[in-house]
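Enquirer: What follows is structure_29.pdb, made up of PDB, C-alpha atoms, pLDDT in the B column:
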```pdb
ATOM      1  CA  LYS G1330      98.617 111.468 153.153  1.00 79.00           C
ATOM      2  CA  ASN G1331     100.599 112.242 150.012  1.00 79.00           C
ATOM      3  CA  GLN G1332      98.478 111.471 146.979  1.00 90.00           C
ATOM      4  CA  VAL G1333      98.134 112.292 143.319  1.00 94.00           C
ATOM      5  CA  GLU G1334      94.763 111.976 141.612  1.00 95.00           C
ATOM      6  CA  GLN G1335      94.125 112.318 137.907  1.00 96.00           C
ATOM      7  CA  SER G1336      90.939 112.829 135.982  1.00 96.00           C
ATOM      8  CA  PRO G1337      89.339 111.668 133.869  1.00 96.00           C
ATOM      9  CA  GLN G1338      90.441 108.023 133.934  1.00 93.00           C
ATOM     10  CA  SER G1339      89.881 107.777 130.211  1.00 95.00           C
ATOM     11  CA  LEU G1340      88.936 110.114 127.409  1.00 96.00           C
ATOM     12  CA  ILE G1341      87.969 109.712 123.773  1.00 98.00           C
ATOM     13  CA  ILE G1342      88.230 112.681 121.412  1.00 97.00           C
ATOM     14  CA  LEU G1343      88.179 113.234 117.679  1.00 97.00           C
ATOM     15  CA  GLU G1344      91.348 114.078 115.825  1.00 97.00           C
ATOM     16  CA  GLY G1345      91.917 117.818 115.672  1.00 97.00           C
ATOM     17  CA  LYS G1346      90.031 118.569 118.880  1.00 97.00           C
ATOM     18  CA  ASN G1347      91.534 119.955 122.075  1.00 98.00           C
ATOM     19  CA  CYS G1348      91.421 118.339 125.490  1.00 98.00           C
ATOM     20  CA  THR G1349      92.492 119.017 129.059  1.00 98.00           C
ATOM     21  CA  LEU G1350      93.679 116.479 131.607  1.00 98.00           C
ATOM     22  CA  GLN G1351      93.659 117.213 135.315  1.00 98.00           C
ATOM     23  CA  CYS G1352      96.006 116.359 138.170  1.00 98.00           C
ATOM     24  CA  ASN G1353      95.310 117.193 141.816  1.00 97.00           C
ATOM     25  CA  TYR G1354      97.836 116.448 144.509  1.00 96.00           C
ATOM     26  CA  THR G1355      98.284 116.610 148.264  1.00 95.00           C
ATOM     27  CA  VAL G1356     102.037 115.947 148.252  1.00 90.00           C
ATOM     28  CA  SER G1357     103.869 118.234 150.634  1.00 89.00           C
ATOM     29  CA  PRO G1358     106.340 119.798 150.680  1.00 89.00           C
ATOM     30  CA  PHE G1359     106.216 120.195 146.938  1.00 89.00           C
ATOM     31  CA  SER G1360     109.309 120.100 144.732  1.00 87.00           C
ATOM     32  CA  ASN G1361     108.110 119.680 141.170  1.00 88.00           C
ATOM     33  CA  LEU G1362     105.449 118.106 138.991  1.00 92.00           C
ATOM     34  CA  ARG G1363     106.028 116.229 135.769  1.00 92.00           C
ATOM     35  CA  TRP G1364     103.737 115.055 133.051  1.00 95.00           C
ATOM     36  CA  TYR G1365     104.716 111.845 131.303  1.00 93.00           C
ATOM     37  CA  LYS G1366     103.343 110.277 128.137  1.00 94.00           C
ATOM     38  CA  GLN G1367     103.243 106.505 128.013  1.00 91.00           C
ATOM     39  CA  ASP G1368     102.566 104.828 124.680  1.00 90.00           C
ATOM     40  CA  THR G1369     101.109 101.332 124.813  1.00 85.00           C
ATOM     41  CA  GLY G1370     103.821  98.793 125.598  1.00 80.00           C
ATOM     42  CA  ARG G1371     106.448 101.431 126.273  1.00 85.00           C
ATOM     43  CA  GLY G1372     107.899 103.170 129.306  1.00 86.00           C
ATOM     44  CA  PRO G1373     106.761 106.683 130.249  1.00 89.00           C
ATOM     45  CA  VAL G1374     108.545 109.609 128.615  1.00 89.00           C
ATOM     46  CA  SER G1375     108.731 113.055 130.200  1.00 87.00           C
ATOM     47  CA  LEU G1376     106.744 115.821 128.497  1.00 91.00           C
ATOM     48  CA  THR G1377     107.265 118.729 130.839  1.00 90.00           C
ATOM     49  CA  ILE G1378     108.272 119.671 134.364  1.00 88.00           C
ATOM     50  CA  MET G1379     106.714 122.368 136.512  1.00 89.00           C
ATOM     51  CA  THR G1380     108.420 123.871 139.535  1.00 88.00           C
ATOM     52  CA  PHE G1381     106.808 125.885 142.304  1.00 85.00           C
ATOM     53  CA  SER G1382     107.315 129.250 140.638  1.00 87.00           C
ATOM     54  CA  GLU G1383     106.064 128.245 137.193  1.00 89.00           C
ATOM     55  CA  ASN G1384     102.441 128.704 136.139  1.00 91.00           C
ATOM     56  CA  THR G1385     102.536 127.647 132.511  1.00 95.00           C
ATOM     57  CA  LYS G1386     104.930 125.739 130.312  1.00 94.00           C
ATOM     58  CA  SER G1387     104.521 124.594 126.738  1.00 93.00           C
ATOM     59  CA  ASN G1388     106.076 121.793 124.757  1.00 90.00           C
ATOM     60  CA  GLY G1389     104.761 121.969 121.222  1.00 94.00           C
ATOM     61  CA  ARG G1390     101.054 121.215 121.305  1.00 96.00           C
ATOM     62  CA  TYR G1391     101.218 120.348 125.014  1.00 96.00           C
ATOM     63  CA  THR G1392     100.704 123.103 127.597  1.00 96.00           C
ATOM     64  CA  ALA G1393     100.950 122.371 131.302  1.00 96.00           C
ATOM     65  CA  THR G1394      99.670 124.686 134.017  1.00 97.00           C
ATOM     66  CA  LEU G1395     100.306 124.636 137.729  1.00 96.00           C
ATOM     67  CA  ASP G1396      98.460 126.310 140.577  1.00 95.00           C
ATOM     68  CA  ALA G1397     100.607 125.612 143.624  1.00 91.00           C
ATOM     69  CA  ASP G1398      98.081 127.269 145.940  1.00 92.00           C
ATOM     70  CA  THR G1399      95.242 124.926 145.039  1.00 95.00           C
ATOM     71  CA  LYS G1400      97.655 122.045 144.252  1.00 95.00           C
ATOM     72  CA  GLN G1401      96.266 121.498 140.811  1.00 97.00           C
ATOM     73  CA  SER G1402      97.875 120.977 137.433  1.00 97.00           C
ATOM     74  CA  SER G1403      96.441 120.520 133.985  1.00 98.00           C
ATOM     75  CA  LEU G1404      97.795 119.307 130.675  1.00 98.00           C
ATOM     76  CA  HIS G1405      96.150 120.837 127.636  1.00 98.00           C
ATOM     77  CA  ILE G1406      96.586 119.182 124.251  1.00 97.00           C
ATOM     78  CA  THR G1407      95.843 121.343 121.231  1.00 97.00           C
ATOM     79  CA  ALA G1408      94.786 120.074 117.820  1.00 97.00           C
ATOM     80  CA  SER G1409      95.053 116.440 118.834  1.00 97.00           C
ATOM     81  CA  GLN G1410      96.662 113.871 116.568  1.00 97.00           C
ATOM     82  CA  LEU G1411      96.268 110.109 116.393  1.00 97.00           C
ATOM     83  CA  SER G1412      99.767 109.796 117.851  1.00 96.00           C
ATOM     84  CA  ASP G1413      98.569 111.519 121.015  1.00 97.00           C
ATOM     85  CA  SER G1414      96.715 108.317 121.914  1.00 97.00           C
ATOM     86  CA  ALA G1415      98.502 107.212 125.081  1.00 95.00           C
ATOM     87  CA  SER G1416      98.316 107.310 128.843  1.00 94.00           C
ATOM     88  CA  TYR G1417      99.336 110.559 130.512  1.00 96.00           C
ATOM     89  CA  ILE G1418     100.794 110.294 133.977  1.00 94.00           C
ATOM     90  CA  CYS G1419     101.265 113.048 136.528  1.00 94.00           C
ATOM     91  CA  VAL G1420     104.201 112.610 138.924  1.00 91.00           C
ATOM     92  CA  VAL G1421     104.814 114.856 141.913  1.00 90.00           C
ATOM     93  CA  THR G1422     108.157 114.994 143.691  1.00 86.00           C
ATOM     94  CA  ARG G1423     108.257 115.584 147.404  1.00 83.00           C
ATOM     95  CA  TYR G1424     110.913 118.099 148.311  1.00 78.00           C
ATOM     96  CA  ASN G1425     114.019 116.686 149.974  1.00 67.00           C
ATOM     97  CA  PHE G1426     112.528 113.262 150.575  1.00 61.00           C
ATOM     98  CA  ASN G1427     113.680 111.446 147.462  1.00 63.00           C
ATOM     99  CA  LYS G1428     110.053 110.461 146.922  1.00 74.00           C
ATOM    100  CA  PHE G1429     108.024 110.460 143.736  1.00 81.00           C
ATOM    101  CA  TYR G1430     104.233 110.084 143.764  1.00 87.00           C
ATOM    102  CA  PHE G1431     102.464 108.810 140.672  1.00 88.00           C
ATOM    103  CA  GLY G1432      98.917 109.383 139.543  1.00 91.00           C
ATOM    104  CA  SER G1433      97.121 106.413 137.999  1.00 89.00           C
ATOM    105  CA  GLY G1434      97.034 108.137 134.627  1.00 93.00           C
ATOM    106  CA  THR G1435      94.519 109.286 132.044  1.00 95.00           C
ATOM    107  CA  LYS G1436      94.113 107.061 129.005  1.00 94.00           C
ATOM    108  CA  LEU G1437      93.522 109.223 125.936  1.00 97.00           C
ATOM    109  CA  ASN G1438      92.169 107.758 122.718  1.00 97.00           C
ATOM    110  CA  VAL G1439      92.188 110.036 119.664  1.00 97.00           C
ATOM    111  CA  LYS G1440      89.905 108.755 116.922  1.00 97.00           C
ATOM    112  CA  PRO G1441      89.997 109.763 113.251  1.00 96.00           C
TER     113      PRO G1441
ATOM    114  CA  ASN O 166     121.315 104.833 122.082  1.00 58.00           C
ATOM    115  CA  ALA O 167     121.568 106.132 125.631  1.00 69.00           C
ATOM    116  CA  GLY O 168     118.860 104.995 127.988  1.00 92.00           C
ATOM    117  CA  VAL O 169     117.581 102.230 130.213  1.00 94.00           C
ATOM    118  CA  THR O 170     117.606  98.663 128.930  1.00 95.00           C
ATOM    119  CA  GLN O 171     115.453  95.960 130.473  1.00 96.00           C
ATOM    120  CA  THR O 172     115.484  92.254 129.783  1.00 95.00           C
ATOM    121  CA  PRO O 173     113.496  90.188 129.120  1.00 96.00           C
ATOM    122  CA  LYS O 174     110.561  92.005 127.473  1.00 94.00           C
ATOM    123  CA  PHE O 175     108.133  89.153 128.125  1.00 95.00           C
ATOM    124  CA  GLN O 176     108.163  86.232 130.539  1.00 96.00           C
ATOM    125  CA  VAL O 177     105.737  83.538 131.644  1.00 97.00           C
ATOM    126  CA  LEU O 178     106.455  81.763 134.918  1.00 96.00           C
ATOM    127  CA  LYS O 179     104.787  78.988 136.816  1.00 97.00           C
ATOM    128  CA  THR O 180     103.838  79.626 140.415  1.00 97.00           C
ATOM    129  CA  GLY O 181     106.864  79.002 142.633  1.00 97.00           C
ATOM    130  CA  GLN O 182     109.476  79.548 139.938  1.00 97.00           C
ATOM    131  CA  SER O 183     112.166  82.146 140.378  1.00 96.00           C
ATOM    132  CA  MET O 184     113.607  84.650 137.943  1.00 96.00           C
ATOM    133  CA  THR O 185     115.660  87.820 137.759  1.00 97.00           C
ATOM    134  CA  LEU O 186     114.755  90.900 135.769  1.00 97.00           C
ATOM    135  CA  GLN O 187     117.776  92.761 134.499  1.00 97.00           C
ATOM    136  CA  CYS O 188     118.154  96.514 134.114  1.00 97.00           C
ATOM    137  CA  ALA O 189     121.090  98.574 132.904  1.00 97.00           C
ATOM    138  CA  GLN O 190     121.512 102.303 132.251  1.00 96.00           C
ATOM    139  CA  ASP O 191     124.297 104.068 130.424  1.00 94.00           C
ATOM    140  CA  MET O 192     123.596 107.654 131.494  1.00 91.00           C
ATOM    141  CA  ASN O 193     125.818 107.594 134.584  1.00 90.00           C
ATOM    142  CA  HIS O 194     122.743 108.093 136.753  1.00 89.00           C
ATOM    143  CA  ASN O 195     123.098 107.672 140.492  1.00 89.00           C
ATOM    144  CA  SER O 196     119.602 106.453 141.344  1.00 89.00           C
ATOM    145  CA  MET O 197     117.723 103.466 139.970  1.00 92.00           C
ATOM    146  CA  TYR O 198     114.218 102.194 140.613  1.00 92.00           C
ATOM    147  CA  TRP O 199     111.938  99.249 140.027  1.00 95.00           C
ATOM    148  CA  TYR O 200     108.208  99.871 139.569  1.00 94.00           C
ATOM    149  CA  ARG O 201     105.280  97.662 138.801  1.00 95.00           C
ATOM    150  CA  GLN O 202     102.294  98.897 136.849  1.00 92.00           C
ATOM    151  CA  ASP O 203      98.879  97.312 137.246  1.00 89.00           C
ATOM    152  CA  PRO O 204      95.661  98.411 135.529  1.00 79.00           C
ATOM    153  CA  GLY O 205      93.971 101.270 137.352  1.00 71.00           C
ATOM    154  CA  MET O 206      96.683 101.501 139.999  1.00 74.00           C
ATOM    155  CA  GLY O 207      99.409 103.499 138.356  1.00 79.00           C
ATOM    156  CA  LEU O 208     103.089 102.878 138.955  1.00 87.00           C
ATOM    157  CA  ARG O 209     104.085 101.597 142.380  1.00 89.00           C
ATOM    158  CA  LEU O 210     107.614 101.604 143.691  1.00 89.00           C
ATOM    159  CA  ILE O 211     108.999  98.192 144.622  1.00 94.00           C
ATOM    160  CA  TYR O 212     112.605  99.016 145.499  1.00 93.00           C
ATOM    161  CA  TYR O 213     115.018 101.771 144.747  1.00 90.00           C
ATOM    162  CA  SER O 214     118.725 102.412 144.958  1.00 91.00           C
ATOM    163  CA  ALA O 215     119.665 105.998 145.681  1.00 86.00           C
ATOM    164  CA  SER O 216     123.300 105.324 144.884  1.00 87.00           C
ATOM    165  CA  GLU O 217     125.657 102.462 144.198  1.00 88.00           C
ATOM    166  CA  GLY O 218     125.848 100.191 147.198  1.00 88.00           C
ATOM    167  CA  THR O 219     122.490 101.164 148.723  1.00 90.00           C
ATOM    168  CA  THR O 220     118.993  99.767 148.289  1.00 93.00           C
ATOM    169  CA  ASP O 221     115.746 100.624 150.033  1.00 90.00           C
ATOM    170  CA  LYS O 222     112.215  99.287 150.073  1.00 90.00           C
ATOM    171  CA  GLY O 223     109.496 101.121 148.289  1.00 87.00           C
ATOM    172  CA  GLU O 224     105.743 100.841 148.561  1.00 85.00           C
ATOM    173  CA  VAL O 225     105.326  97.155 147.605  1.00 93.00           C
ATOM    174  CA  PRO O 226     108.578  95.249 148.338  1.00 95.00           C
ATOM    175  CA  ASN O 227     107.148  91.930 149.569  1.00 95.00           C
ATOM    176  CA  GLY O 228     108.123  88.978 147.402  1.00 96.00           C
ATOM    177  CA  TYR O 229     111.012  90.787 145.739  1.00 97.00           C
ATOM    178  CA  ASN O 230     114.723  91.298 146.240  1.00 97.00           C
ATOM    179  CA  VAL O 231     117.110  93.613 144.451  1.00 97.00           C
ATOM    180  CA  SER O 232     120.808  93.938 143.784  1.00 96.00           C
ATOM    181  CA  ARG O 233     122.640  97.092 142.755  1.00 95.00           C
ATOM    182  CA  LEU O 234     125.464  95.248 141.049  1.00 89.00           C
ATOM    183  CA  ASN O 235     127.326  98.422 140.085  1.00 95.00           C
ATOM    184  CA  LYS O 236     126.405 101.947 139.074  1.00 94.00           C
ATOM    185  CA  ARG O 237     124.942 100.756 135.764  1.00 96.00           C
ATOM    186  CA  GLU O 238     122.964  97.687 136.785  1.00 96.00           C
ATOM    187  CA  PHE O 239     120.024  97.100 139.106  1.00 97.00           C
ATOM    188  CA  SER O 240     118.337  93.707 139.101  1.00 97.00           C
ATOM    189  CA  LEU O 241     114.997  92.577 140.531  1.00 98.00           C
ATOM    190  CA  ARG O 242     114.552  89.003 141.707  1.00 97.00           C
ATOM    191  CA  LEU O 243     111.390  87.040 142.324  1.00 96.00           C
ATOM    192  CA  GLU O 244     112.345  84.077 144.513  1.00 93.00           C
ATOM    193  CA  SER O 245     109.007  82.262 144.375  1.00 96.00           C
ATOM    194  CA  ALA O 246     106.650  83.799 141.844  1.00 96.00           C
ATOM    195  CA  ALA O 247     102.963  84.157 142.679  1.00 97.00           C
ATOM    196  CA  PRO O 248     100.015  85.015 140.402  1.00 96.00           C
ATOM    197  CA  SER O 249      99.693  88.341 142.268  1.00 96.00           C
ATOM    198  CA  GLN O 250     103.037  89.308 140.773  1.00 97.00           C
ATOM    199  CA  THR O 251     101.613  89.259 137.262  1.00 97.00           C
ATOM    200  CA  SER O 252     102.282  92.808 136.135  1.00 96.00           C
ATOM    201  CA  VAL O 253     104.352  95.035 133.912  1.00 95.00           C
ATOM    202  CA  TYR O 254     107.665  95.926 135.502  1.00 97.00           C
ATOM    203  CA  PHE O 255     109.535  99.121 134.726  1.00 95.00           C
ATOM    204  CA  CYS O 256     113.064 100.011 135.626  1.00 95.00           C
ATOM    205  CA  ALA O 257     113.953 103.691 135.781  1.00 93.00           C
ATOM    206  CA  SER O 258     116.950 105.820 136.582  1.00 91.00           C
ATOM    207  CA  SER O 259     117.593 109.414 137.539  1.00 85.00           C
ATOM    208  CA  HIS O 260     120.643 111.530 138.179  1.00 79.00           C
ATOM    209  CA  GLY O 261     119.529 112.504 141.656  1.00 66.00           C
ATOM    210  CA  GLY O 262     116.729 111.737 144.055  1.00 56.00           C
ATOM    211  CA  SER O 263     114.345 114.636 144.438  1.00 48.00           C
ATOM    212  CA  GLY O 264     115.892 116.902 141.849  1.00 43.00           C
ATOM    213  CA  GLY O 265     114.286 118.177 138.714  1.00 50.00           C
ATOM    214  CA  ASP O 266     115.868 115.801 136.263  1.00 63.00           C
ATOM    215  CA  GLY O 267     113.084 113.257 136.411  1.00 73.00           C
ATOM    216  CA  TYR O 268     113.193 109.670 135.348  1.00 82.00           C
ATOM    217  CA  THR O 269     114.265 107.797 132.293  1.00 88.00           C
ATOM    218  CA  PHE O 270     112.252 104.618 131.991  1.00 91.00           C
ATOM    219  CA  GLY O 271     112.994 101.318 130.349  1.00 93.00           C
ATOM    220  CA  SER O 272     110.485  99.809 127.957  1.00 92.00           C
ATOM    221  CA  GLY O 273     109.141  97.361 130.515  1.00 93.00           C
ATOM    222  CA  THR O 274     108.924  93.624 131.196  1.00 95.00           C
ATOM    223  CA  ARG O 275     105.519  91.999 130.922  1.00 95.00           C
ATOM    224  CA  LEU O 276     105.431  89.140 133.431  1.00 96.00           C
ATOM    225  CA  THR O 277     102.674  86.554 133.689  1.00 96.00           C
ATOM    226  CA  VAL O 278     102.625  84.068 136.545  1.00 96.00           C
ATOM    227  CA  VAL O 279     100.321  81.099 135.983  1.00 96.00           C
TER     228      VAL O 279
END
```
Starting from the file, lay out its structure as structure tokens.

Expert:
Amino acid sequence: KNQVEQSPQSLIILEGKNCTLQCNYTVSPFSNLRWYKQDTGRGPVSLTIMTFSENTKSNGRYTATLDADTKQSSLHITASQLSDSASYICVVTRYNFNKFYFGSGTKLNVKP
Amino acid sequence: NAGVTQTPKFQVLKTGQSMTLQCAQDMNHNSMYWYRQDPGMGLRLIYYSASEGTTDKGEVPNGYNVSRLNKREFSLRLESAAPSQTSVYFCASSHGGSGGDGYTFGSGTRLTVV
């Protein structure tokens, strides 16, 4: 069964601290994996995309990793800011099937 | 600004009422999607349209109908609303299906059925 699981469900950290969000998937065959940020009351916005051959990709303070062998991805946020408070959603695309599989998200709360 | 526009942003319906959620994109994308988002369940695909003139069921199509009016517009209709359809609805578009371009999402419609 094609699934995407994210952990933790929710996370509270202090401003300035780092954190790592996890995404495990069973989707096959794999095409790509995206991390989205969804602010409260808004639609998700793409942060980064990882393809099969990519291990690490950074977008400012966000760094995504992908291990295609173990089917795991992580999103690392460095020096968190209050504006990082949002839900982070992992989406895996199944190759050639026009199918996208969504994780249920990690809700991050950055406190001052 | 380029993007996906959804209307309305909020709606309250009585059980049994009907309504249509509107979605339009101005990015010349081929594919459009309707998702619902419920707490703890992530985004679930209701219907999608891979290209103008085609529509297909997603994961949770029961109780909904869609119309791909033209390349820009993709509407979602609830014929007889039920409390189980209380949710936040997102429209999205993408250039292709399984390519690497990803989605662009609208800002959502918060629907409450009482």

Enquirer: Set out as a tab-separated table a contact list for chain O and chain G with a cut-off of 12 Å, giving each residue of chain O that qualifies its closest atom pair and distance in Å to one decimal, counting all atoms listed in the file, ordered by chain and rising residue number.

Expert:
```
residue	atom	partner	partner_atom	distance
O:Gly168	CA	G:Gly1372	CA	11.2
O:Val169	CA	G:Gly1372	CA	9.8
O:Thr170	CA	G:Gly1372	CA	10.7
O:Gln171	CA	G:Gly1372	CA	10.5
O:Lys174	CA	G:Gly1370	CA	9.7
O:Phe175	CA	G:Gly1370	CA	10.9
O:Ser196	CA	G:Asn1427	CA	9.9
O:Met197	CA	G:Asn1427	CA	11.7
O:Tyr198	CA	G:Phe1429	CA	10.8
O:Tyr200	CA	G:Phe1431	CA	10.7
O:Arg201	CA	G:Gly1372	CA	11.3
O:Gln202	CA	G:Ser1433	CA	9.2
O:Asp203	CA	G:Ser1433	CA	9.3
O:Pro204	CA	G:Ser1433	CA	8.5
O:Gly205	CA	G:Ser1433	CA	6.1
O:Met206	CA	G:Ser1433	CA	5.3
O:Gly207	CA	G:Ser1433	CA	3.7
O:Leu208	CA	G:Phe1431	CA	6.2
O:Arg209	CA	G:Phe1431	CA	7.6
O:Leu210	CA	G:Phe1429	CA	8.9
O:Tyr212	CA	G:Lys1428	CA	11.8
O:Tyr213	CA	G:Asn1427	CA	10.1
O:Ser214	CA	G:Asn1427	CA	10.6
O:Ala215	CA	G:Asn1427	CA	8.3
O:Ser216	CA	G:Asn1427	CA	11.7
O:Asp221	CA	G:Asn1427	CA	11.3
O:Lys222	CA	G:Lys1428	CA	11.8
O:Gly223	CA	G:Lys1428	CA	9.5
O:Glu224	CA	G:Tyr1430	CA	10.5
O:Val253	CA	G:Gly1370	CA	9.1
O:Tyr254	CA	G:Gly1372	CA	9.5
O:Phe255	CA	G:Gly1372	CA	7.0
O:Cys256	CA	G:Gly1372	CA	8.8
O:Ala257	CA	G:Gly1372	CA	8.9
O:Ser258	CA	G:Gly1372	CA	11.9
O:Ser259	CA	G:Asn1427	CA	10.9
O:His260	CA	G:Asn1427	CA	11.6
O:Gly261	CA	G:Asn1427	CA	8.3
O:Gly262	CA	G:Asn1427	CA	4.6
O:Ser263	CA	G:Asn1427	CA	4.4
O:Gly264	CA	G:Ser1360	CA	7.9
O:Gly265	CA	G:Asn1361	CA	6.8
O:Asp266	CA	G:Ile1378	CA	8.7
O:Gly267	CA	G:Ser1375	CA	7.6
O:Tyr268	CA	G:Ser1375	CA	7.6
O:Thr269	CA	G:Val1374	CA	7.0
O:Phe270	CA	G:Gly1372	CA	5.3
O:Gly271	CA	G:Gly1372	CA	5.5
O:Ser272	CA	G:Gly1372	CA	4.5
O:Gly273	CA	G:Gly1372	CA	6.1
O:Thr274	CA	G:Gly1370	CA	9.2
O:Arg275	CA	G:Gly1370	CA	8.8
```

Enquirer: Find the residues around Gln1351 of chain G up to 7 Å (all atoms listed in the file counted), leave out those fewer than 6 positions away in its own chain, and share them as a VMD selection string.

Expert: chain G and resid 1335 to 1336 1402 to 1404

Enquirer: Taking all atoms listed in the file into account, name the residue in O:Pro226, O:Thr219, O:Ser240, O:Asn193 that is nearest to Thr172 of chain O.

Expert: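 Of O:Pro226, O:Thr219, O:Ser240, O:Asn193, the one nearest Thr172 of chain O is O:Ser240, counting all atoms listed in the file.
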
Enquirer: Report the distance between atom CA of Gln1332 of chain G and atom CA of Cys1352 of chain G in Å, rounded to one decimal place.

Expert: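 One can read the atom CA of Gln1332 of chain G to atom CA of Cys1352 of chain G distance as 10.4 Å.
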
Enquirer: If we count all atoms listed in the file and set the cut-off at 7 Å, which residues sit around Asn230 of chain O, ignoring sequence neighbours fewer than 3 positions away in its own chain? Please answer as number ranges by chain.

Expert: O: 241-243

Enquirer: Tell me, in Å to one decimal, how far atom CA of Leu1340 of chain G is from atom CA of Asn1438 of chain G.

Expert: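 Spanning atom CA of Leu1340 of chain G to atom CA of Asn1438 of chain G is a straight-line distance of 6.2 Å.
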
Enquirer: What would the selection look like, as a tab-separated table (two decimals) with C-alpha atoms, in the coordinates of the input, if the PyMOL selection byres ((chain G and resi 1342) around 7) were run on the coordinates I just shared?

Expert:
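File written: out_8.tsv
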```
chain	number	residue	atom	x	y	z
G	1340	LEU	CA	88.94	110.11	127.41
G	1341	ILE	CA	87.97	109.71	123.77
G	1343	LEU	CA	88.18	113.23	117.68
G	1344	GLU	CA	91.35	114.08	115.82
G	1346	LYS	CA	90.03	118.57	118.88
G	1438	ASN	CA	92.17	107.76	122.72
G	1439	VAL	CA	92.19	110.04	119.66
G	1440	LYS	CA	89.90	108.76	116.92
```

Enquirer: Atom CA of Gln1401 of chain G and atom CA of Tyr1354 of chain G, how far apart in Å?

Expert: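 Taking atom CA of Tyr1354 of chain G and atom CA of Gln1401 of chain G, their separation equals 6.5 Å.
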
Enquirer: Report as a VMD selection string the full result of the PyMOL selection byres ((chain O and resi 180) around 10) when it is applied to this structure.

Expert: chain O and resid 177 to 179 181 to 183 245 to 250 277 to 279

Enquirer: Once 3 Å is added on each side, what centre and edge lengths in Å to one decimal does the axis-aligned box around all listed atoms of segment 1431-1434 of chain G have, as AutoDock Vina command-line options?

Expert:
```
--center_x 99.7 --center_y 107.9 --center_z 137.6 --size_x 11.4 --size_y 9.0 --size_z 12.0
```

Enquirer: Could you pull the residues within 7 Å of Tyr1391 of chain G, counting only C-alpha atoms, minus those fewer than 4 positions along the same chain, as a VMD selection string?

Expert: chain G and resid 1387 1404 to 1407

Enquirer: Counting all atoms listed in the file, which of O:Ala189, O:Met184, O:Leu276, O:Leu234 gets nearest to Thr220 of chain O?

Expert: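 Nearest candidate to Thr220 of chain O out of O:Ala189, O:Met184, O:Leu276, O:Leu234: O:Leu234.
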